[in-house]
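Shown here: target.txt, compact mmCIF, C-alpha atoms.
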```txt
# COMPACT_ATOMS: atom_id res chain seq x y z
CA MET R 28 -43.89 -18.42 -38.21
CA LYS R 29 -42.00 -19.44 -41.38
CA ASN R 30 -40.40 -22.39 -39.60
CA LEU R 31 -43.70 -23.58 -38.16
CA SER R 32 -44.79 -26.99 -39.42
CA LEU R 33 -48.52 -27.09 -40.17
CA HIS R 34 -50.43 -30.30 -40.73
CA VAL R 35 -53.35 -29.46 -42.99
CA ILE R 36 -55.66 -31.83 -44.76
CA GLU R 37 -55.23 -32.94 -48.37
CA GLU R 38 -58.38 -32.30 -50.39
CA THR R 39 -58.20 -35.63 -52.26
CA SER R 40 -57.34 -37.75 -49.22
CA VAL R 41 -59.38 -40.40 -47.46
CA ALA R 42 -59.23 -38.18 -44.35
CA SER R 43 -60.94 -35.36 -46.22
CA ASN R 44 -63.77 -37.69 -47.22
CA MET R 45 -64.16 -38.94 -43.67
CA LEU R 46 -64.42 -35.39 -42.31
CA ASP R 47 -66.97 -34.60 -45.03
CA ILE R 48 -69.09 -37.50 -43.79
CA ILE R 49 -68.84 -36.22 -40.20
CA ARG R 50 -69.90 -32.75 -41.38
CA PHE R 51 -72.94 -34.07 -43.22
CA LEU R 52 -73.98 -36.41 -40.39
CA SER R 53 -73.76 -33.49 -37.94
CA ALA R 54 -76.11 -31.44 -40.13
CA LEU R 55 -78.42 -34.45 -40.48
CA VAL R 56 -78.55 -34.92 -36.70
CA VAL R 57 -79.56 -31.26 -36.24
CA PHE R 58 -82.21 -31.70 -38.95
CA LEU R 59 -83.70 -34.83 -37.34
CA PHE R 60 -83.55 -33.22 -33.89
CA HIS R 61 -85.87 -30.49 -35.14
CA PHE R 62 -88.30 -33.21 -36.21
CA TYR R 63 -88.35 -34.41 -32.60
CA VAL R 64 -86.12 -37.41 -33.20
CA PRO R 65 -84.27 -37.97 -29.88
CA LEU R 66 -80.79 -37.12 -31.16
CA PRO R 67 -78.16 -34.72 -29.72
CA GLY R 68 -78.88 -31.78 -32.03
CA TYR R 69 -77.16 -29.15 -29.93
CA GLN R 70 -74.05 -31.27 -29.41
CA ALA R 71 -73.81 -31.74 -33.19
CA VAL R 72 -73.24 -27.99 -33.46
CA MET R 73 -70.20 -28.40 -31.20
CA VAL R 74 -68.83 -30.79 -33.83
CA PHE R 75 -69.39 -28.07 -36.46
CA PHE R 76 -67.41 -25.64 -34.32
CA VAL R 77 -64.47 -28.02 -34.02
CA LEU R 78 -64.46 -28.77 -37.76
CA SER R 79 -64.71 -25.06 -38.56
CA GLY R 80 -61.87 -24.29 -36.17
CA TYR R 81 -59.68 -26.84 -37.92
CA PHE R 82 -60.44 -25.87 -41.52
CA ILE R 83 -60.50 -22.10 -41.08
CA SER R 84 -57.44 -21.92 -38.83
CA GLY R 85 -55.48 -24.05 -41.28
CA THR R 86 -56.29 -21.63 -44.10
CA ILE R 87 -55.37 -18.59 -42.01
CA LEU R 88 -52.14 -20.03 -40.64
CA LYS R 89 -50.99 -21.25 -44.05
CA SER R 90 -51.66 -17.85 -45.58
CA ILE R 91 -49.77 -16.02 -42.83
CA LYS R 92 -46.89 -18.49 -42.96
CA GLU R 93 -46.53 -18.00 -46.72
CA ASN R 94 -46.64 -14.22 -46.27
CA LYS R 95 -49.84 -13.97 -48.34
CA TRP R 96 -52.27 -12.80 -45.68
CA LYS R 97 -54.66 -10.04 -46.67
CA TRP R 98 -57.69 -9.08 -44.60
CA SER R 99 -59.76 -7.88 -47.57
CA GLU R 100 -59.56 -11.16 -49.46
CA TYR R 101 -60.10 -13.26 -46.37
CA LEU R 102 -63.18 -11.34 -45.17
CA ILE R 103 -64.78 -11.24 -48.60
CA LYS R 104 -64.31 -15.01 -48.99
CA ARG R 105 -65.82 -15.71 -45.59
CA ILE R 106 -68.78 -13.34 -46.06
CA ILE R 107 -69.55 -14.71 -49.53
CA ARG R 108 -69.46 -18.25 -48.17
CA LEU R 109 -71.95 -17.34 -45.44
CA TRP R 110 -74.19 -14.94 -47.37
CA VAL R 111 -74.67 -17.11 -50.48
CA VAL R 112 -76.91 -19.32 -48.36
CA LEU R 113 -77.87 -16.97 -45.52
CA LEU R 114 -79.40 -14.14 -47.57
CA PRO R 115 -81.86 -16.28 -49.60
CA CYS R 116 -82.52 -18.34 -46.46
CA LEU R 117 -83.62 -15.22 -44.57
CA PHE R 118 -86.07 -14.40 -47.35
CA LEU R 119 -87.39 -17.98 -47.33
CA THR R 120 -87.73 -17.75 -43.56
CA TYR R 121 -89.87 -14.65 -44.08
CA LEU R 122 -92.02 -16.34 -46.74
CA TRP R 123 -92.63 -19.54 -44.75
CA ALA R 124 -93.36 -17.58 -41.58
CA ASN R 125 -95.87 -15.32 -43.32
CA LEU R 126 -97.52 -18.28 -44.98
CA GLN R 127 -97.76 -19.88 -41.55
CA LEU R 128 -99.32 -16.74 -40.06
CA ASN R 129 -101.81 -16.31 -42.92
CA ILE R 130 -102.99 -19.93 -42.84
CA PHE R 131 -102.87 -20.80 -39.16
CA GLY R 132 -103.59 -17.43 -37.57
CA PRO R 133 -101.68 -14.21 -36.79
CA ASN R 134 -101.37 -14.72 -33.03
CA GLN R 135 -98.37 -17.02 -33.15
CA LYS R 136 -95.06 -16.22 -31.43
CA ILE R 137 -93.20 -16.18 -34.74
CA ALA R 138 -94.85 -12.86 -35.67
CA ASN R 139 -92.65 -11.05 -33.13
CA TYR R 140 -89.43 -11.98 -34.93
CA LEU R 141 -90.04 -10.81 -38.49
CA ASP R 142 -89.20 -7.09 -38.26
CA VAL R 143 -86.57 -5.38 -40.40
CA LYS R 144 -84.23 -4.79 -37.45
CA THR R 145 -84.09 -8.52 -36.68
CA PHE R 146 -83.61 -9.33 -40.38
CA LEU R 147 -80.66 -6.96 -40.71
CA GLY R 148 -79.25 -8.07 -37.36
CA ASN R 149 -79.18 -11.68 -38.55
CA LEU R 150 -77.77 -10.66 -41.93
CA PHE R 151 -74.83 -8.99 -40.17
CA PHE R 152 -74.37 -11.79 -37.61
CA LEU R 153 -75.71 -9.96 -34.57
CA GLN R 154 -78.23 -12.60 -33.47
CA GLY R 155 -77.68 -13.46 -29.85
CA ILE R 156 -75.83 -10.16 -29.39
CA LEU R 157 -78.27 -7.38 -30.31
CA VAL R 158 -81.24 -9.25 -31.81
CA LYS R 159 -83.02 -12.61 -31.68
CA THR R 160 -82.87 -15.22 -34.44
CA TYR R 161 -84.98 -14.15 -37.40
CA GLY R 162 -88.35 -15.85 -37.78
CA LEU R 163 -87.47 -18.25 -34.94
CA ASN R 164 -85.12 -20.03 -37.36
CA GLY R 165 -83.22 -21.77 -34.55
CA PRO R 166 -80.02 -22.80 -36.40
CA LEU R 167 -79.25 -19.14 -37.16
CA TRP R 168 -77.88 -18.72 -33.61
CA SER R 169 -74.58 -20.44 -34.43
CA LEU R 170 -73.78 -18.24 -37.45
CA SER R 171 -73.05 -15.23 -35.27
CA TYR R 172 -70.65 -17.38 -33.23
CA GLU R 173 -68.92 -18.61 -36.39
CA PHE R 174 -68.59 -15.17 -37.98
CA TRP R 175 -67.01 -13.53 -34.96
CA TYR R 176 -64.65 -16.47 -34.51
CA TYR R 177 -63.53 -15.84 -38.09
CA ILE R 178 -62.48 -12.34 -36.99
CA LEU R 179 -61.17 -13.18 -33.55
CA PHE R 180 -58.77 -15.93 -34.59
CA PRO R 181 -56.71 -13.87 -37.09
CA CYS R 182 -56.55 -11.03 -34.56
CA LEU R 183 -55.27 -13.48 -31.96
CA VAL R 184 -52.61 -14.94 -34.27
CA LEU R 185 -51.50 -11.56 -35.64
CA THR R 186 -51.11 -10.24 -32.10
CA PHE R 187 -48.21 -12.67 -31.72
CA VAL R 188 -46.71 -12.85 -35.22
CA SER R 189 -46.93 -9.27 -36.52
CA ARG R 190 -43.46 -7.81 -36.85
CA LYS R 191 -44.23 -4.31 -35.64
CA LYS R 192 -45.16 -3.62 -32.06
CA LYS R 193 -47.85 -1.10 -33.02
CA PHE R 194 -49.67 -3.77 -35.01
CA LYS R 195 -49.36 -6.27 -32.19
CA LEU R 196 -51.04 -3.71 -29.92
CA LEU R 197 -53.67 -2.95 -32.56
CA TYR R 198 -54.68 -6.58 -33.01
CA ALA R 199 -54.68 -7.17 -29.25
CA PHE R 200 -56.94 -4.14 -28.85
CA LEU R 201 -59.29 -5.38 -31.60
CA PHE R 202 -59.44 -8.82 -30.02
CA ILE R 203 -60.38 -7.35 -26.63
CA LEU R 204 -62.88 -4.92 -28.17
CA ILE R 205 -64.66 -7.66 -30.15
CA SER R 206 -64.62 -9.95 -27.11
CA LEU R 207 -66.41 -7.31 -25.03
CA PHE R 208 -68.89 -6.65 -27.84
CA VAL R 209 -69.94 -10.25 -28.49
CA GLY R 210 -70.16 -11.10 -24.79
CA LYS R 211 -69.14 -13.88 -22.41
CA ARG R 212 -71.27 -16.60 -23.95
CA ILE R 213 -69.79 -16.37 -27.43
CA MET R 214 -66.28 -15.98 -26.02
CA ILE R 215 -66.44 -19.04 -23.79
CA TYR R 216 -67.57 -21.15 -26.76
CA PHE R 217 -64.61 -19.75 -28.66
CA LEU R 218 -62.62 -22.26 -26.59
CA ILE R 219 -64.51 -25.05 -28.35
CA TRP R 220 -63.78 -23.54 -31.77
CA LEU R 221 -60.11 -23.24 -30.78
CA MET R 222 -60.02 -26.96 -30.06
CA GLY R 223 -60.13 -27.50 -33.82
CA ALA R 224 -57.57 -24.74 -34.39
CA VAL R 225 -55.03 -26.62 -32.29
CA ILE R 226 -54.98 -29.66 -34.61
CA PRO R 227 -52.77 -28.16 -37.39
CA PHE R 228 -50.01 -27.60 -34.83
CA ILE R 229 -49.83 -31.24 -33.67
CA LYS R 230 -47.60 -33.70 -35.47
CA PRO R 231 -49.48 -36.71 -36.90
CA LEU R 232 -49.46 -39.85 -34.81
CA LYS R 233 -47.40 -42.58 -36.44
CA ILE R 234 -48.75 -46.11 -35.98
CA GLN R 235 -47.88 -48.83 -38.48
CA PRO R 236 -50.22 -51.82 -38.01
CA LYS R 237 -53.42 -51.16 -39.97
CA PHE R 238 -55.42 -53.32 -37.58
CA LEU R 239 -54.32 -51.23 -34.59
CA LYS R 240 -55.20 -48.01 -36.43
CA ASN R 241 -58.71 -49.30 -37.12
CA VAL R 242 -59.21 -50.41 -33.52
CA ILE R 243 -58.10 -47.01 -32.20
CA LEU R 244 -60.38 -45.18 -34.65
CA ILE R 245 -63.39 -47.34 -33.79
CA LEU R 246 -62.88 -46.91 -30.05
CA THR R 247 -62.35 -43.15 -30.40
CA SER R 248 -65.47 -42.88 -32.58
CA LEU R 249 -67.53 -44.68 -29.93
CA VAL R 250 -66.21 -42.35 -27.22
CA ALA R 251 -67.02 -39.33 -29.40
CA ILE R 252 -70.56 -40.57 -30.07
CA PHE R 253 -71.07 -41.35 -26.39
CA SER R 254 -69.94 -37.81 -25.47
CA THR R 255 -72.89 -36.35 -27.42
CA GLN R 256 -75.55 -38.32 -25.61
CA TYR R 257 -76.29 -35.65 -23.02
CA ASN R 258 -79.14 -33.50 -24.32
CA SER R 259 -80.12 -30.34 -22.47
CA GLY R 260 -83.54 -30.25 -24.15
CA ASP R 261 -82.91 -26.68 -25.26
CA TRP R 262 -80.80 -25.50 -28.17
CA GLU R 263 -79.73 -22.58 -25.99
CA VAL R 264 -77.76 -24.76 -23.61
CA LYS R 265 -77.42 -23.61 -20.01
CA TRP R 266 -74.07 -22.45 -18.65
CA THR R 267 -73.85 -25.48 -16.37
CA ASN R 268 -73.66 -27.69 -19.46
CA PHE R 269 -70.54 -26.06 -20.95
CA ALA R 270 -68.29 -28.76 -19.48
CA ARG R 271 -70.30 -31.39 -21.38
CA ASP R 272 -70.02 -29.36 -24.59
CA LEU R 273 -66.28 -29.10 -24.03
CA GLY R 274 -66.20 -32.87 -23.59
CA VAL R 275 -67.84 -33.27 -27.02
CA ALA R 276 -65.26 -30.88 -28.49
CA VAL R 277 -62.31 -32.71 -26.93
CA SER R 278 -63.49 -36.16 -28.06
CA PHE R 279 -64.21 -35.06 -31.64
CA CYS R 280 -61.00 -33.03 -31.75
CA PHE R 281 -59.07 -36.20 -30.93
CA LEU R 282 -61.08 -38.20 -33.48
CA ILE R 283 -60.36 -35.64 -36.21
CA TYR R 284 -56.68 -35.62 -35.27
CA LEU R 285 -56.51 -39.41 -35.58
CA ILE R 286 -58.34 -39.41 -38.93
CA ILE R 287 -55.83 -36.90 -40.29
CA SER R 288 -52.90 -38.81 -38.78
CA PHE R 289 -53.95 -42.15 -40.25
CA HIS R 290 -55.56 -41.26 -43.57
CA ASN R 291 -54.27 -37.90 -44.82
CA ASN R 292 -51.60 -39.50 -47.00
CA LYS R 293 -54.04 -41.90 -48.65
CA SER R 294 -55.53 -40.53 -51.85
CA ILE R 295 -58.97 -41.41 -53.10
CA ASN R 296 -60.06 -41.07 -56.71
CA LEU R 297 -63.76 -41.50 -57.31
CA LYS R 298 -65.81 -40.49 -60.34
CA ILE R 299 -68.72 -39.73 -58.05
CA ASN R 300 -67.57 -38.68 -54.61
CA ILE R 301 -70.73 -39.09 -52.53
CA SER R 302 -69.22 -37.70 -49.33
CA LYS R 303 -68.21 -34.47 -51.12
CA HIS R 304 -71.72 -34.10 -52.53
CA LEU R 305 -73.31 -34.66 -49.13
CA ALA R 306 -70.95 -32.24 -47.39
CA GLY R 307 -71.57 -29.80 -50.23
CA PHE R 308 -75.10 -29.17 -49.04
CA SER R 309 -74.66 -29.66 -45.29
CA TYR R 310 -74.57 -25.91 -44.60
CA THR R 311 -77.78 -25.43 -46.59
CA LEU R 312 -79.46 -28.39 -44.90
CA TYR R 313 -78.49 -26.99 -41.51
CA LEU R 314 -79.75 -23.47 -42.22
CA ALA R 315 -82.69 -23.87 -44.61
CA HIS R 316 -84.68 -26.79 -43.21
CA TYR R 317 -86.09 -25.20 -40.07
CA PRO R 318 -88.61 -22.67 -41.54
CA LEU R 319 -90.25 -25.41 -43.62
CA ALA R 320 -90.05 -27.91 -40.76
CA ASN R 321 -91.66 -25.40 -38.40
CA PHE R 322 -94.45 -24.77 -40.93
CA ILE R 323 -95.13 -28.50 -41.30
CA LEU R 324 -95.02 -29.18 -37.56
CA THR R 325 -97.43 -26.30 -36.95
CA TRP R 326 -99.70 -27.68 -39.67
CA LEU R 327 -99.64 -31.11 -38.01
CA MET R 328 -101.18 -29.64 -34.85
CA THR R 329 -104.14 -28.03 -36.61
CA PRO R 330 -107.45 -29.42 -37.92
CA LEU R 331 -106.28 -28.38 -41.40
CA TRP R 332 -103.89 -31.35 -41.60
CA PRO R 333 -105.50 -33.64 -44.23
CA PHE R 334 -103.62 -36.90 -43.64
CA GLY R 335 -104.98 -37.92 -40.27
CA LYS R 336 -102.67 -39.46 -37.69
CA THR R 337 -98.98 -38.88 -38.38
CA THR R 338 -97.48 -42.34 -38.66
CA LEU R 339 -93.79 -43.15 -38.71
CA ALA R 340 -93.97 -43.73 -42.46
CA LEU R 341 -95.57 -40.33 -43.00
CA LYS R 342 -92.90 -38.66 -40.84
CA LEU R 343 -90.24 -40.37 -42.93
CA VAL R 344 -91.82 -39.10 -46.16
CA ILE R 345 -91.96 -35.55 -44.75
CA ALA R 346 -88.31 -35.73 -43.67
CA VAL R 347 -87.20 -36.94 -47.10
CA LEU R 348 -89.17 -34.15 -48.80
CA VAL R 349 -87.56 -31.50 -46.60
CA ILE R 350 -84.11 -32.94 -47.36
CA LEU R 351 -84.87 -32.82 -51.08
CA TYR R 352 -86.09 -29.24 -50.65
CA SER R 353 -82.77 -28.36 -48.98
CA TRP R 354 -80.84 -30.16 -51.71
CA CYS R 355 -82.58 -28.18 -54.45
CA PHE R 356 -82.00 -24.98 -52.49
CA ALA R 357 -78.30 -25.87 -52.23
CA LEU R 358 -78.03 -26.31 -56.00
CA LEU R 359 -79.03 -22.66 -56.38
CA THR R 360 -76.98 -21.33 -53.46
CA GLU R 361 -74.22 -23.31 -51.77
CA ARG R 362 -73.15 -25.13 -54.94
CA GLN R 363 -72.69 -21.74 -56.63
CA THR R 364 -70.37 -20.34 -53.96
CA GLU R 365 -67.18 -20.62 -55.98
CA LYS R 366 -68.77 -19.02 -59.06
CA VAL R 367 -70.07 -16.13 -56.98
CA ARG R 368 -66.70 -15.76 -55.27
CA LYS R 369 -64.79 -15.62 -58.57
CA PHE R 370 -67.28 -13.15 -60.04
CA ILE R 371 -67.04 -10.77 -57.06
CA PHE R 372 -63.25 -11.07 -56.81
CA THR R 373 -62.92 -10.31 -60.50
CA ILE R 374 -64.88 -7.10 -59.97
CA ILE R 375 -63.10 -6.01 -56.78
CA PHE R 376 -59.56 -7.19 -57.45
CA LYS R 377 -58.19 -6.60 -60.92
CA ASN R 378 -56.24 -9.52 -62.38
CA TYR R 379 -57.12 -11.59 -59.31
CA SER R 380 -56.74 -14.93 -61.07
CA GLU R 381 -53.26 -14.03 -62.32
CA ARG R 382 -51.96 -12.22 -59.26
CA THR R 383 -49.03 -13.92 -57.56
CA LYS R 384 -47.72 -10.99 -55.60
CA THR R 385 -47.30 -11.76 -51.89
CA HIS R 386 -48.45 -9.48 -49.14
CA SER R 387 -46.28 -8.69 -46.16
CA LEU R 388 -47.62 -8.93 -42.61
CA SER R 389 -48.93 -5.65 -41.33
```
Can the structure from this file be put into structure tokens for me?
Amino acid sequence: MKNLSLHVIEETSVASNMLDIIRFLSALVVFLFHFYVPLPGYQAVMVFFVLSGYFISGTILKSIKENKWKWSEYLIKRIIRLWVVLLPCLFLTYLWANLQLNIFGPNQKIANYLDVKTFLGNLFFLQGILVKTYGLNGPLWSLSYEFWYYILFPCLVLTFVSRKKKFKLLYAFLFILISLFVGKRIMIYFLIWLMGAVIPFIKPLKIQPKFLKNVILILTSLVAIFSTQYNSGDWEVKWTNFARDLGVAVSFCFLIYLIISFHNNKSINLKINISKHLAGFSYTLYLAHYPLANFILTWLMTPLWPFGKTTLALKLVIAVLVILYSWCFALLTERQTEKVRKFIFTIIFKNYSERTKTHSLS
């Protein structure tokens, strides 16, 4: 593992900015899809999976390679990252759903998904395994996939690189046990997540002419966009559509690989980095918009709606307001992730900021 060459992204590179734009646009597509704009919302989640596979695997592999891997730190970082937005979002889901029930009547389907068991199940990433998504907040389905992939991938890697045979067997056993627990559906989509995890292992493609690089990127981008055009009409895509989802993953995996190959060595210094700001609230936009959107869309179908016919201009105003709502929510949650992480690590791990001691592979 020490001799393995990993190709990870530079935070200040042009490539990093380009991937940030892809991340935000994917969240925006999901958002617009839930406002009945004919965009490939489900396929955009496949792009999230590939991006997550690339970023998370790179962090894990680099840590293991440098002999600094520690489960406790890794899991706490991942859980904080997810919970900082998820926990308040679950409460907002509850508030919007109850407001919806109180104003528009208690006989709506959403009332069946607001119990404590479903709340806790979603909090601990069991939606789609033991419980439904809380408050019919559709985007929550993918979080359980993401969380278990965060556990499965290190187990998979450590099965091969752990020095002691007993630990190899332990990690292999854990991988199989988790696989059986989460079920076939989550495991088969793990292949899509792994598409992103393959990228750090591949040497960058070296092409000199700038014009040729741009042509290749444009053509690959068009292929990637075209691959998303199939829409199942249901965010819970049918098994027969997995090949199409895999096609999205392959095309975006190749696009990401080319972006890193061509632009990872180019630095960008901006006083206001718009792409970083947009990507910095993409997770919140993805997770927080649906309860409010569902409330508004329900309101639109009742006699209580005061604005008459919903014109395109009015829909645009509503969409902008929901985006601003998500942005404000992100300022209080997602944008505070690093502060929360440092605070919790300071409490749990003494001298965390000064610790340089490495941790051997178990």
- Provide the CA of Ile295 (chain R) to CA of Ser40 (chain R) distance in Å, to one decimal place. 5.6 Å
- Item | Nearest candidate to Ser43 (chain R) (options R:Tyr176, R:Phe75, R:Phe82, R:Phe152; using all atoms listed in the file) |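 Closest to Ser43 (chain R) of all the choices is R:Phe82.
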- Contacts of Asn139 (chain R) within 12 Å, all atoms listed in the file, excl. fewer than 4 positions in-chain, as a list in words: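 Close residues of Asn139 (chain R): Tyr121, Ala124, Asn125, Leu128, Pro133, Asn134, Gln135, Val143, Lys144, Thr145, Phe146, Val158, Lys159, Thr160, Tyr161, Gly162 and Leu163 of chain R.
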Can those selected residues be exported to a file as a JSON list (two decimals), keeping the file's coordinate frame so that it contains C-alpha atoms?
```json
[["chain", "number", "residue", "atom", "x", "y", "z"],
["R", 121, "TYR", "CA", -89.87, -14.65, -44.08],
["R", 124, "ALA", "CA", -93.36, -17.58, -41.58],
["R", 125, "ASN", "CA", -95.87, -15.32, -43.32],
["R", 128, "LEU", "CA", -99.32, -16.74, -40.06],
["R", 133, "PRO", "CA", -101.68, -14.21, -36.79],
["R", 134, "ASN", "CA", -101.37, -14.72, -33.03],
["R", 135, "GLN", "CA", -98.37, -17.02, -33.15],
["R", 143, "VAL", "CA", -86.57, -5.38, -40.40],
["R", 144, "LYS", "CA", -84.23, -4.79, -37.45],
["R", 145, "THR", "CA", -84.09, -8.52, -36.68],
["R", 146, "PHE", "CA", -83.61, -9.33, -40.38],
["R", 158, "VAL", "CA", -81.24, -9.25, -31.81],
["R", 159, "LYS", "CA", -83.02, -12.61, -31.68],
["R", 160, "THR", "CA", -82.87, -15.22, -34.44],
["R", 161, "TYR", "CA", -84.98, -14.15, -37.40],
["R", 162, "GLY", "CA", -88.35, -15.85, -37.78],
["R", 163, "LEU", "CA", -87.47, -18.25, -34.94]]
```
- With only C-alpha atoms as the basis for distance, which of R:Val56, R:Leu150, R:Ile87, R:Val275 is at the shortest distance from Leu114 (chain R)?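 Closest residue, counting only C-alpha atoms: R:Leu150.
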- Message: Counting only C-alpha atoms, which residue out of R:Trp110, R:Phe208, R:Phe279, R:Phe76 sits closest to Ile156 (chain R)?
- Response: R:Phe208
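For the residues R:Arg362, R:Arg50, R:His34, R:Lys233, ranking by smallest atom-to-atom distance to Ala71 (chain R) using only C-alpha atoms places R:Arg50 first.
Using only C-alpha atoms, the smallest distance between any of R:Phe269, R:Tyr172, R:Phe376, R:Phe180 and Gly85 (chain R) comes from R:Phe180.
Distance-wise, CA of Lys240 (chain R) and CA of Leu282 (chain R) end up 11.8 Å apart.
Using only C-alpha atoms for every distance, the candidate list R:Leu348, R:Leu170, R:Ile130, R:Val242 yields R:Ile130 as the residue closest to Pro330 (chain R).
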